[in-house]
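Undergrad: Contents of upload.cif (mmCIF, C-alpha atoms and all ligand atoms):
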```cif
data_my_file
#
loop_
_atom_site.group_PDB
_atom_site.id
_atom_site.type_symbol
_atom_site.label_atom_id
_atom_site.label_comp_id
_atom_site.auth_asym_id
_atom_site.auth_seq_id
_atom_site.Cartn_x
_atom_site.Cartn_y
_atom_site.Cartn_z
ATOM 1 C CA MET A 241 119.009 58.732 25.666
ATOM 2 C CA LEU A 242 118.170 60.028 22.239
ATOM 3 C CA ASN A 243 115.163 62.314 21.864
ATOM 4 C CA PRO A 244 112.515 60.443 19.760
ATOM 5 C CA ARG A 245 111.900 63.367 17.367
ATOM 6 C CA VAL A 246 115.642 63.710 16.774
ATOM 7 C CA ALA A 247 115.975 59.915 16.337
ATOM 8 C CA LYS A 248 113.215 59.938 13.702
ATOM 9 C CA ALA A 249 114.915 62.728 11.742
ATOM 10 C CA LEU A 250 118.312 60.984 11.955
ATOM 11 C CA ASN A 251 116.839 57.682 10.745
ATOM 12 C CA GLU A 252 115.262 59.483 7.785
ATOM 13 C CA GLN A 253 118.631 61.073 7.005
ATOM 14 C CA ILE A 254 120.304 57.634 6.792
ATOM 15 C CA VAL A 255 117.917 56.794 3.923
ATOM 16 C CA LYS A 256 118.644 60.142 2.235
ATOM 17 C CA GLU A 257 122.412 59.565 2.393
ATOM 18 C CA TYR A 258 122.072 56.068 0.916
ATOM 19 C CA TYR A 259 119.747 57.471 -1.754
ATOM 20 C CA SER A 260 122.530 59.963 -2.581
ATOM 21 C CA ALA A 261 124.962 57.041 -2.925
ATOM 22 C CA TRP A 262 122.460 55.279 -5.227
ATOM 23 C CA LEU A 263 121.955 58.418 -7.311
ATOM 24 C CA TYR A 264 125.689 59.064 -7.783
ATOM 25 C CA LEU A 265 126.369 55.429 -8.617
ATOM 26 C CA GLN A 266 123.618 55.681 -11.259
ATOM 27 C CA MET A 267 125.215 58.866 -12.584
ATOM 28 C CA ALA A 268 128.619 57.131 -12.695
ATOM 29 C CA ALA A 269 127.073 54.463 -14.941
ATOM 30 C CA TRP A 270 126.016 57.175 -17.432
ATOM 31 C CA PHE A 271 129.658 58.281 -17.737
ATOM 32 C CA GLU A 272 130.838 54.669 -18.009
ATOM 33 C CA ARG A 273 128.647 54.350 -21.130
ATOM 34 C CA GLU A 274 130.186 57.553 -22.485
ATOM 35 C CA ASN A 275 133.678 56.158 -21.838
ATOM 36 C CA LEU A 276 134.480 59.119 -19.612
ATOM 37 C CA LYS A 277 136.094 57.022 -16.895
ATOM 38 C CA GLY A 278 137.422 59.970 -14.903
ATOM 39 C CA PHE A 279 133.942 61.430 -14.391
ATOM 40 C CA ALA A 280 132.711 57.935 -13.503
ATOM 41 C CA GLN A 281 135.533 57.516 -10.978
ATOM 42 C CA TRP A 282 134.713 60.864 -9.350
ATOM 43 C CA LEU A 283 131.043 59.907 -8.992
ATOM 44 C CA ARG A 284 131.831 56.392 -7.720
ATOM 45 C CA ILE A 285 133.947 57.953 -4.977
ATOM 46 C CA GLN A 286 131.165 60.441 -4.269
ATOM 47 C CA ALA A 287 128.794 57.468 -3.889
ATOM 48 C CA GLN A 288 131.193 55.835 -1.407
ATOM 49 C CA GLU A 289 131.344 59.058 0.586
ATOM 50 C CA GLU A 290 127.543 59.142 0.752
ATOM 51 C CA SER A 291 127.452 55.582 2.142
ATOM 52 C CA CYS A 292 129.933 56.784 4.769
ATOM 53 C CA HIS A 293 127.599 59.662 5.648
ATOM 54 C CA GLY A 294 124.795 57.147 6.173
ATOM 55 C CA LEU A 295 127.057 55.123 8.464
ATOM 56 C CA ILE A 296 128.013 58.190 10.498
ATOM 57 C CA PHE A 297 124.322 58.791 11.314
ATOM 58 C CA TYR A 298 123.841 55.061 11.952
ATOM 59 C CA ASN A 299 126.785 54.949 14.374
ATOM 60 C CA TYR A 300 125.620 58.087 16.111
ATOM 61 C CA ILE A 301 122.136 56.674 16.786
ATOM 62 C CA CYS A 302 123.776 53.502 18.197
ATOM 63 C CA ASP A 303 126.186 55.542 20.361
ATOM 64 C CA ARG A 304 123.276 57.490 21.846
ATOM 65 C CA GLY A 305 121.286 54.357 22.638
ATOM 66 C CA GLY A 306 118.627 55.057 20.005
ATOM 67 C CA ASP A 307 116.824 52.609 17.709
ATOM 68 C CA VAL A 308 118.109 52.396 14.152
ATOM 69 C CA LYS A 309 115.127 52.005 11.799
ATOM 70 C CA LEU A 310 116.216 51.640 8.192
ATOM 71 C CA GLY A 311 113.700 52.668 5.547
ATOM 72 C CA ALA A 312 113.466 51.815 1.850
ATOM 73 C CA VAL A 313 115.849 53.589 -0.524
ATOM 74 C CA GLY A 314 114.065 54.603 -3.737
ATOM 75 C CA ALA A 315 115.341 54.095 -7.291
ATOM 76 C CA PRO A 316 117.231 57.121 -8.621
ATOM 77 C CA ASP A 317 116.462 58.993 -11.819
ATOM 78 C CA GLN A 318 118.048 57.374 -14.875
ATOM 79 C CA SER A 319 117.168 59.856 -17.633
ATOM 80 C CA PHE A 320 120.358 61.903 -17.884
ATOM 81 C CA LYS A 321 120.852 63.901 -21.070
ATOM 82 C CA SER A 322 124.399 65.215 -20.858
ATOM 83 C CA ALA A 323 127.408 65.607 -18.547
ATOM 84 C CA LEU A 324 126.167 69.082 -17.609
ATOM 85 C CA ASP A 325 122.666 67.710 -16.927
ATOM 86 C CA VAL A 326 124.162 65.124 -14.542
ATOM 87 C CA PHE A 327 126.150 67.662 -12.528
ATOM 88 C CA GLU A 328 123.384 70.271 -12.467
ATOM 89 C CA ARG A 329 121.033 67.633 -11.082
ATOM 90 C CA GLY A 330 123.728 66.611 -8.604
ATOM 91 C CA LEU A 331 123.995 70.222 -7.434
ATOM 92 C CA LYS A 332 120.211 70.467 -7.115
ATOM 93 C CA HIS A 333 120.205 67.250 -5.117
ATOM 94 C CA GLU A 334 122.883 68.597 -2.754
ATOM 95 C CA TYR A 335 120.689 71.664 -2.121
ATOM 96 C CA THR A 336 117.924 69.330 -0.892
ATOM 97 C CA VAL A 337 120.429 67.467 1.338
ATOM 98 C CA THR A 338 121.601 70.779 2.826
ATOM 99 C CA ALA A 339 117.973 71.718 3.551
ATOM 100 C CA SER A 340 117.460 68.339 5.190
ATOM 101 C CA ILE A 341 120.538 68.728 7.457
ATOM 102 C CA ASN A 342 119.273 72.212 8.396
ATOM 103 C CA ASP A 343 115.859 70.733 9.267
ATOM 104 C CA ILE A 344 117.471 68.187 11.621
ATOM 105 C CA MET A 345 119.474 70.990 13.218
ATOM 106 C CA ASP A 346 116.180 72.847 13.765
ATOM 107 C CA VAL A 347 114.705 69.831 15.571
ATOM 108 C CA ALA A 348 117.879 69.378 17.659
ATOM 109 C CA VAL A 349 117.797 73.057 18.689
ATOM 110 C CA LYS A 350 114.086 72.927 19.599
ATOM 111 C CA GLU A 351 114.606 69.728 21.631
ATOM 112 C CA ARG A 352 117.730 71.183 23.313
ATOM 113 C CA ASP A 353 119.762 68.207 22.056
ATOM 114 C CA PHE A 354 123.257 69.720 22.200
ATOM 115 C CA ALA A 355 125.144 66.521 21.336
ATOM 116 C CA THR A 356 123.240 66.172 18.062
ATOM 117 C CA GLN A 357 123.841 69.847 17.258
ATOM 118 C CA SER A 358 127.562 69.262 17.778
ATOM 119 C CA MET A 359 127.557 66.125 15.568
ATOM 120 C CA LEU A 360 125.607 67.941 12.823
ATOM 121 C CA LYS A 361 128.181 70.741 12.595
ATOM 122 C CA TRP A 362 130.479 68.472 10.548
ATOM 123 C CA PHE A 363 127.620 67.869 8.093
ATOM 124 C CA VAL A 364 126.818 71.592 7.864
ATOM 125 C CA GLU A 365 130.430 72.219 6.786
ATOM 126 C CA GLU A 366 130.474 69.152 4.539
ATOM 127 C CA GLN A 367 127.430 70.473 2.649
ATOM 128 C CA VAL A 368 129.275 73.722 1.850
ATOM 129 C CA GLU A 369 131.968 71.575 0.205
ATOM 130 C CA GLU A 370 129.468 69.324 -1.613
ATOM 131 C CA GLU A 371 127.618 72.293 -3.138
ATOM 132 C CA ALA A 372 130.938 73.909 -4.104
ATOM 133 C CA ASN A 373 132.199 70.694 -5.784
ATOM 134 C CA PHE A 374 129.076 70.107 -7.868
ATOM 135 C CA GLY A 375 128.811 73.843 -8.619
ATOM 136 C CA GLU A 376 132.433 74.068 -9.793
ATOM 137 C CA ILE A 377 132.173 71.066 -12.117
ATOM 138 C CA SER A 378 128.841 72.352 -13.515
ATOM 139 C CA SER A 379 130.456 75.738 -14.238
ATOM 140 C CA LYS A 380 133.403 74.133 -16.012
ATOM 141 C CA LEU A 381 131.058 72.009 -18.133
ATOM 142 C CA LYS A 382 129.045 75.115 -19.026
ATOM 143 C CA LEU A 383 132.247 76.862 -20.115
ATOM 144 C CA LEU A 384 133.152 73.915 -22.323
ATOM 145 C CA GLY A 385 129.750 74.018 -24.033
ATOM 146 C CA ALA A 386 128.218 71.341 -26.250
ATOM 147 C CA LYS A 387 131.265 70.577 -28.406
ATOM 148 C CA ALA A 388 133.755 70.144 -25.613
ATOM 149 C CA GLY A 389 136.509 68.151 -27.372
ATOM 150 C CA ASP A 390 139.926 68.331 -25.703
ATOM 151 C CA GLY A 391 138.595 70.321 -22.754
ATOM 152 C CA MET A 392 136.278 67.463 -21.876
ATOM 153 C CA LEU A 393 139.148 64.972 -21.961
ATOM 154 C CA PHE A 394 141.236 67.278 -19.777
ATOM 155 C CA LEU A 395 138.408 67.584 -17.230
ATOM 156 C CA ASP A 396 137.903 63.806 -17.345
ATOM 157 C CA LYS A 397 141.582 63.321 -16.469
ATOM 158 C CA GLU A 398 141.375 65.890 -13.667
ATOM 159 C CA LEU A 399 138.294 64.275 -12.085
ATOM 160 C CA GLY A 400 139.791 60.806 -12.466
ATOM 161 C CA ALA A 401 142.560 61.792 -10.055
ATOM 162 C CA ARG A 402 140.108 61.877 -7.143
ATOM 163 C CA ALA A 403 140.965 59.353 -4.418
ATOM 164 C CA PHE A 404 138.746 58.059 -1.661
ATOM 165 C CA SER A 405 139.455 59.103 1.905
ATOM 166 C CA LEU A 406 137.423 58.077 4.898
ATOM 167 C CA PRO A 407 135.420 60.999 6.339
ATOM 168 C CA PRO A 408 136.985 61.951 9.717
ATOM 169 C CA PRO A 409 133.872 61.107 11.833
ATOM 170 C CA LEU A 410 134.170 57.504 10.611
ATOM 171 C CA VAL A 411 137.888 57.016 11.312
ATOM 172 C CA GLY A 412 138.387 54.275 13.907
ATOM 173 C CA LYS A 413 134.643 53.552 14.055
ATOM 174 C CA PHE A 414 132.741 50.405 13.236
ATOM 175 C CA GLY A 415 131.833 50.401 9.559
ATOM 176 C CA ALA A 416 135.033 52.125 8.462
ATOM 177 C CA VAL A 417 136.420 49.007 6.732
ATOM 178 C CA ALA A 418 133.091 48.210 5.058
ATOM 179 C CA ALA A 419 132.900 51.724 3.602
ATOM 180 C CA ALA A 420 136.414 51.716 2.192
ATOM 181 C CA PRO A 421 136.911 50.825 -1.492
HETATM 182 MG MG MG B 501 125.945 63.302 2.052
#
```
Is it possible to express this structure as structure tokens?
Ligand code: MG
TA:
Amino acid sequence: MLNPRVAKALNEQIVKEYYSAWLYLQMAAWFERENLKGFAQWLRIQAQEESCHGLIFYNYICDRGGDVKLGAVGAPDQSFKSALDVFERGLKHEYTVTASINDIMDVAVKERDFATQSMLKWFVEEQVEEEANFGEISSKLKLLGAKAGDGMLFLDKELGARAFSLPPPLVGKFGAVAAAP
């Protein structure tokens, strides 16, 4: 039986993960317009990963016999100014997601919900990676500066090599096929 306070926090996190997917898909569209297909590819895959994160929380609530209550996902910001602006906002967004995961962990600790604490550990580690990814790309874009030229094309090629892989908590679970590209 899932603790009601924990269930509420997990349901709210599903919406936040799908909002992340929405935001990154919106960001991908900005790069599509700029004809930087590699950046767009990287962000499309990031969006897919975020949908997977939502499904992991969804599956977990089901596994624990809780009630899934899906909320509305808001429209993402659409006023991006530059490649650097996109990735800096992405990094800022990941900071808020990290804070949100930490808040759920707080609730799980207070409610002595050890199973949820164990499940959340994967997300705690995942957030380290997410912040590092957005931080690294932001730094590279800063180095390139406004007139990026060849460097920008090189980075576009590098990011375009990203391939989707199913997050381990979703392997063999319901929803895995739906989340795949
Ligand atoms: Mg996520």
Undergrad: Would you mind reading off the distance between CA of Glu371 in chain A and CA of Tyr335 in chain A, one decimal, in Å?
TA: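 It comes out at 7.0 Å.
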Undergrad: Would you mind listing the residues within 12 Å of ligand MG 501 (chain B), counting only C-alpha atoms and all ligand atoms, as a ChimeraX atom specification?
TA: /A:253-264,285-297,330-331,333-341,360,362-371,407
Undergrad: Go through A:Leu265, A:Leu393, A:Val326, A:Ile344 and flag the residue nearest Gly375 in chain A, using all atoms listed in the file for the distances.
TA: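 Result for the nearest residue to Gly375 in chain A: A:Val326.
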Undergrad: Once you add 3 Å to each side, what are the centre and edge lengths of the axis-aligned box holding all listed atoms of range 286-303 of chain A? One decimal in Å, as lines of an AutoDock Vina configuration file, if you can.
TA:
```
center_x = 126.7
center_y = 57.0
center_z = 8.0
size_x = 15.2
size_y = 12.9
size_z = 30.6
```
Undergrad: Provide the CA of Ser379 in chain A to CA of Leu406 in chain A distance in Å, to one decimal place.
TA: 27.0 Å
Undergrad: Could you check which of A:Asn251, A:Asn275, A:Gln266, A:Asn299 is closest to Ala312 in chain A, using only C-alpha atoms?
TA: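 Going through A:Asn251, A:Asn275, A:Gln266, A:Asn299 one by one, the smallest distance to Ala312 in chain A is for A:Asn251.
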Undergrad: Between A:Gly400, A:Gly311, A:Gly385, A:Pro408, single out the one closest to Trp282 in chain A, counting all atoms listed in the file.
TA: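 Closest to Trp282 in chain A of all the choices is A:Gly400.
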Undergrad: To one decimal place, how far is CA of Gly278 in chain A from CA of Leu384 in chain A in Å?
TA: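 Those two atoms sit 16.4 Å apart.
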Undergrad: Return as a ChimeraX atom specification the set of residues that the PyMOL selection byres (((chain A and resi 303) around 12) and not hetatm) yields on the displayed structure.
TA: /A:241-242,247,295-302,304-308,355-356,359,413-414
